[in-house]
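**Student:** Could you have a look at this structure, given as structure tokens, before my questions?
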Amino acid sequence: MSTKNAHKRKPDSVSVVDANAALGLATNQTYKENVFLFAPNIIGYTRVLLAALSLHYMSYHPRYCSITYVISCLLDAVDGPVARYRGEESKFGAVLDMVTDRCTTSCLLCYLASAYPDYAVAFQFLIALDFSSHYMHMYSSIITGSSSHKSVTSEVSRILWLYYNDRRTLFFICAGNELFFVALYLAKWWSSPIELLSGPGIPALIAGLSWAGAVACASFPIFFIKNVINVVQLWKASKILVGVDLAERAKARREKLGKQ
């Protein structure tokens, strides 16, 4: 274990590598230190409940759907600081956070695929890209011994380093990406054009835009950047996994030659 990673652990912590032992520890944990009941994880459960409510309202009540969806997304910016302040950072919380993000966005994209059938393939592609890039990034982080999937160095990728290590950048891009999808959702319900964009001399590209449509246009660049980052993340994770494969194959060949 590196010195840097060692400092991130509590002095009396125990590294658990056996699944059965880990289950035993989780089953016998005390109320005083129950990871399931850590404040940031309770915020995570709240996010899940709000996301479920938004899905319930999605097909017939856009206002309630949007409010619960946006609050669920905004809470994503709260659990991390709470975890650091209270010393309650956990692997369970990190994975819960990522899974909630992926599932929430994917469910909205599924609805958008039905609301905009001509672009259904594009929304399906976005779901696949989002899941695959984050899964491969998470797995490559685990097998290379990283303490967090957000612990990316500039040597690995300057783009990912800027994205994950500047909390303002991370929040701005994630929020802008979600805003784009929410705006597309609302545009199907409220299509009344903005009066200022309905007069003569207005360029055809923006003439007749609704408020939701205007927000979607404004947030589109952020959505585009977010998915470029997803592509970079997928490519870098793939290369890391291939590098690990090559290192393991080389080690296996050396061991084989050593036995001869």
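Residues in the structure tokens are numbered from 1 in each chain, the chains being A, B, ... in the order shown, and ligands are numbered from 1 in the order shown.
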Can you write out as JSON lines which residues of segment 25-125 of chain A fall within 10 Å of segment 174-177 of chain A, alongside each residue's closest atom pair and its distance in Å to one decimal, counting only C-alpha atoms and ordering rows by chain and ascending residue number?
**Tutor:**
```
{"residue": "A:Val70", "atom": "CA", "partner": "A:Ala175", "partner_atom": "CA", "distance": 9.2}
{"residue": "A:Cys73", "atom": "CA", "partner": "A:Ala175", "partner_atom": "CA", "distance": 7.7}
{"residue": "A:Leu74", "atom": "CA", "partner": "A:Ala175", "partner_atom": "CA", "distance": 7.9}
{"residue": "A:Asp76", "atom": "CA", "partner": "A:Ala175", "partner_atom": "CA", "distance": 9.8}
{"residue": "A:Ala77", "atom": "CA", "partner": "A:Ala175", "partner_atom": "CA", "distance": 9.5}
{"residue": "A:Asp101", "atom": "CA", "partner": "A:Cys174", "partner_atom": "CA", "distance": 9.8}
{"residue": "A:Thr105", "atom": "CA", "partner": "A:Asn177", "partner_atom": "CA", "distance": 9.7}
```
**Student:** Residues within 8 Å of Tyr69 of chain A, please, as a CSV table (one decimal) with N, CA and C atoms, in the first residue's frame. Count only C-alpha atoms; anything in the same chain fewer than 6 positions from it doesn't count.
**Tutor:**
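Result written to result.csv:
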```csv
chain,number,residue,atom,x,y,z
A,50,LEU,N,-36.4,10.5,-4.3
A,50,LEU,CA,-36.8,11.6,-5.1
A,50,LEU,C,-36.8,11.2,-6.6
A,51,ALA,N,-35.8,10.4,-7.0
A,51,ALA,CA,-35.7,10.0,-8.4
A,51,ALA,C,-36.9,9.1,-8.7
A,54,SER,N,-39.9,11.2,-9.2
A,54,SER,CA,-39.8,11.9,-10.5
A,54,SER,C,-40.2,10.9,-11.7
```
**Student:** Let me make sure I understand: among A:Cys217, A:Val156, A:Asn165, A:Arg253, which one has the smallest atom-to-atom distance to Lys239 of chain A if we use only C-alpha atoms?
**Tutor:**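 Among the listed residues, the smallest separation from Lys239 of chain A belongs to A:Val156.
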**Student:** So that I can check the surroundings of segment 145-150 of chain A, please list as number ranges by chain every protein, DNA and RNA residue that reaches within 7 Å of it, counting only C-alpha atoms and ignoring chain neighbours fewer than 4 positions away.
**Tutor:** A: 5, 137-138, 141, 164
**Student:** Of the residues A:Glu178, A:Glu89, A:Asp118, A:Asp166, which is the one nearest to Phe36 of chain A, using only C-alpha atoms?
**Tutor:**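 Among A:Glu178, A:Glu89, A:Asp118, A:Asp166, it is A:Glu89 that comes nearest to Phe36 of chain A.
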**Student:** Just the residues within 9 Å of Ser192 of chain A, please, counting only C-alpha atoms, with nothing from its chain fewer than 2 positions along; format it as a list of chain:residue names.
**Tutor:**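 Using only C-alpha atoms, the neighbours found are A:Trp190, A:Ile194, A:Glu195, A:Gly208, A:Leu209, A:Ser210, A:Trp211.
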**Student:** According to DSSP computed on the backbone, where in segment 30-107 of chain A is there alpha helix (DSSP H)? Give the residues as a VMD selection string.
**Tutor:** chain A and resid 39 to 57 62 to 74 76 to 86 91 to 107
**Student:** Generate the output file for the selected residues, C-alpha atoms, as a PDB file, in the first residue's frame.
**Tutor:**
```
ATOM      1  CA  ALA A  39     -25.305  10.924   6.895  1.00  0.00           C
ATOM      2  CA  PRO A  40     -24.052  11.116   3.274  1.00  0.00           C
ATOM      3  CA  ASN A  41     -25.527   7.679   2.568  1.00  0.00           C
ATOM      4  CA  ILE A  42     -28.883   8.773   3.999  1.00  0.00           C
ATOM      5  CA  ILE A  43     -28.687  11.690   1.558  1.00  0.00           C
ATOM      6  CA  GLY A  44     -28.061   9.068  -1.120  1.00  0.00           C
ATOM      7  CA  TYR A  45     -31.206   7.153  -0.154  1.00  0.00           C
ATOM      8  CA  THR A  46     -33.136  10.432  -0.295  1.00  0.00           C
ATOM      9  CA  ARG A  47     -31.846  10.953  -3.821  1.00  0.00           C
ATOM     10  CA  VAL A  48     -33.113   7.509  -4.796  1.00  0.00           C
ATOM     11  CA  LEU A  49     -36.569   8.200  -3.358  1.00  0.00           C
ATOM     12  CA  LEU A  50     -36.790  11.578  -5.105  1.00  0.00           C
ATOM     13  CA  ALA A  51     -35.686  10.000  -8.387  1.00  0.00           C
ATOM     14  CA  ALA A  52     -38.357   7.334  -7.987  1.00  0.00           C
ATOM     15  CA  LEU A  53     -40.968  10.049  -7.417  1.00  0.00           C
ATOM     16  CA  SER A  54     -39.822  11.887 -10.524  1.00  0.00           C
ATOM     17  CA  LEU A  55     -40.241   8.698 -12.562  1.00  0.00           C
ATOM     18  CA  HIS A  56     -43.724   8.272 -11.136  1.00  0.00           C
ATOM     19  CA  TYR A  57     -44.740  11.776 -12.247  1.00  0.00           C
ATOM     20  CA  PRO A  62     -44.004  17.583 -15.622  1.00  0.00           C
ATOM     21  CA  ARG A  63     -43.823  20.149 -12.810  1.00  0.00           C
ATOM     22  CA  TYR A  64     -43.624  17.616  -9.977  1.00  0.00           C
ATOM     23  CA  CYS A  65     -41.343  15.432 -12.079  1.00  0.00           C
ATOM     24  CA  SER A  66     -38.910  18.278 -12.769  1.00  0.00           C
ATOM     25  CA  ILE A  67     -38.853  19.485  -9.153  1.00  0.00           C
ATOM     26  CA  THR A  68     -38.112  16.061  -7.672  1.00  0.00           C
ATOM     27  CA  TYR A  69     -35.611  15.220 -10.404  1.00  0.00           C
ATOM     28  CA  VAL A  70     -33.687  18.483 -10.006  1.00  0.00           C
ATOM     29  CA  ILE A  71     -33.595  18.219  -6.194  1.00  0.00           C
ATOM     30  CA  SER A  72     -32.301  14.649  -6.489  1.00  0.00           C
ATOM     31  CA  CYS A  73     -29.536  15.845  -8.821  1.00  0.00           C
ATOM     32  CA  LEU A  74     -28.625  18.842  -6.654  1.00  0.00           C
ATOM     33  CA  ASP A  76     -25.428  14.932  -5.508  1.00  0.00           C
ATOM     34  CA  ALA A  77     -23.379  18.042  -4.729  1.00  0.00           C
ATOM     35  CA  VAL A  78     -24.180  17.793  -1.010  1.00  0.00           C
ATOM     36  CA  ASP A  79     -23.303  14.230  -0.003  1.00  0.00           C
ATOM     37  CA  GLY A  80     -19.594  14.567  -0.799  1.00  0.00           C
ATOM     38  CA  PRO A  81     -18.932  17.652   1.358  1.00  0.00           C
ATOM     39  CA  VAL A  82     -21.027  16.129   4.171  1.00  0.00           C
ATOM     40  CA  ALA A  83     -18.988  12.917   3.983  1.00  0.00           C
ATOM     41  CA  ARG A  84     -15.692  14.803   4.155  1.00  0.00           C
ATOM     42  CA  TYR A  85     -16.848  17.105   6.958  1.00  0.00           C
ATOM     43  CA  ARG A  86     -18.111  14.228   9.120  1.00  0.00           C
ATOM     44  CA  LYS A  91     -16.772   2.883  -0.758  1.00  0.00           C
ATOM     45  CA  PHE A  92     -20.447   1.998  -0.409  1.00  0.00           C
ATOM     46  CA  GLY A  93     -21.375   5.682  -0.551  1.00  0.00           C
ATOM     47  CA  ALA A  94     -19.201   6.298  -3.615  1.00  0.00           C
ATOM     48  CA  VAL A  95     -20.776   3.406  -5.513  1.00  0.00           C
ATOM     49  CA  LEU A  96     -24.295   4.330  -4.344  1.00  0.00           C
ATOM     50  CA  ASP A  97     -23.691   7.845  -5.641  1.00  0.00           C
ATOM     51  CA  MET A  98     -22.471   6.654  -9.048  1.00  0.00           C
ATOM     52  CA  VAL A  99     -25.214   4.044  -9.485  1.00  0.00           C
ATOM     53  CA  THR A 100     -27.882   6.611  -8.574  1.00  0.00           C
ATOM     54  CA  ASP A 101     -26.469   9.049 -11.122  1.00  0.00           C
ATOM     55  CA  ARG A 102     -26.354   6.465 -13.891  1.00  0.00           C
ATOM     56  CA  CYS A 103     -29.814   5.030 -13.231  1.00  0.00           C
ATOM     57  CA  THR A 104     -31.531   8.396 -12.796  1.00  0.00           C
ATOM     58  CA  THR A 105     -30.150   9.828 -16.027  1.00  0.00           C
ATOM     59  CA  SER A 106     -30.796   6.603 -17.949  1.00  0.00           C
ATOM     60  CA  CYS A 107     -34.439   6.495 -16.873  1.00  0.00           C
TER      61      CYS A 107
END
```
**Student:** Do you know which residues are at most 9 Å from Cys110 of chain A counting only C-alpha atoms, after dropping those on the same chain fewer than 2 positions away, and could you put them as a compact mmCIF listing (two decimals) with C-alpha atoms, in the first residue's frame?
**Tutor:**
```txt
# COMPACT_ATOMS: atom_id res chain seq x y z
CA THR A 105 -30.15 9.83 -16.03
CA SER A 106 -30.80 6.60 -17.95
CA CYS A 107 -34.44 6.50 -16.87
CA LEU A 108 -34.96 10.05 -18.12
CA LEU A 112 -36.90 11.00 -24.00
CA ALA A 113 -36.38 8.13 -26.44
CA SER A 114 -40.14 7.57 -26.46
CA ALA A 115 -40.93 11.30 -26.50
CA ALA A 120 -34.39 7.14 -30.02
CA PHE A 123 -30.63 8.44 -26.63
CA GLN A 124 -29.90 4.71 -26.53
CA ILE A 127 -27.19 5.45 -22.20
```
**Student:** Can you work out which one of A:Tyr163, A:Glu88, A:Arg168, A:Ala216 has the shortest atom-to-atom distance to Leu37 of chain A, counting only C-alpha atoms?
**Tutor:**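 Once distances to Leu37 of chain A are computed over only C-alpha atoms, the minimum belongs to A:Glu88.
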**Student:** How many Å lie between atom CA of Leu179 of chain A and atom CA of Ser191 of chain A, rounded to one decimal?
**Tutor:**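 Distance reported for this atom pair: 16.9 Å.
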**Student:** Could you tell me which of A:Val35, A:Leu126, A:Ala214, A:Leu170 comes closest to Ala183 of chain A if we count only C-alpha atoms?
**Tutor:**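 Smallest distance to Ala183 of chain A is found for A:Ala214.
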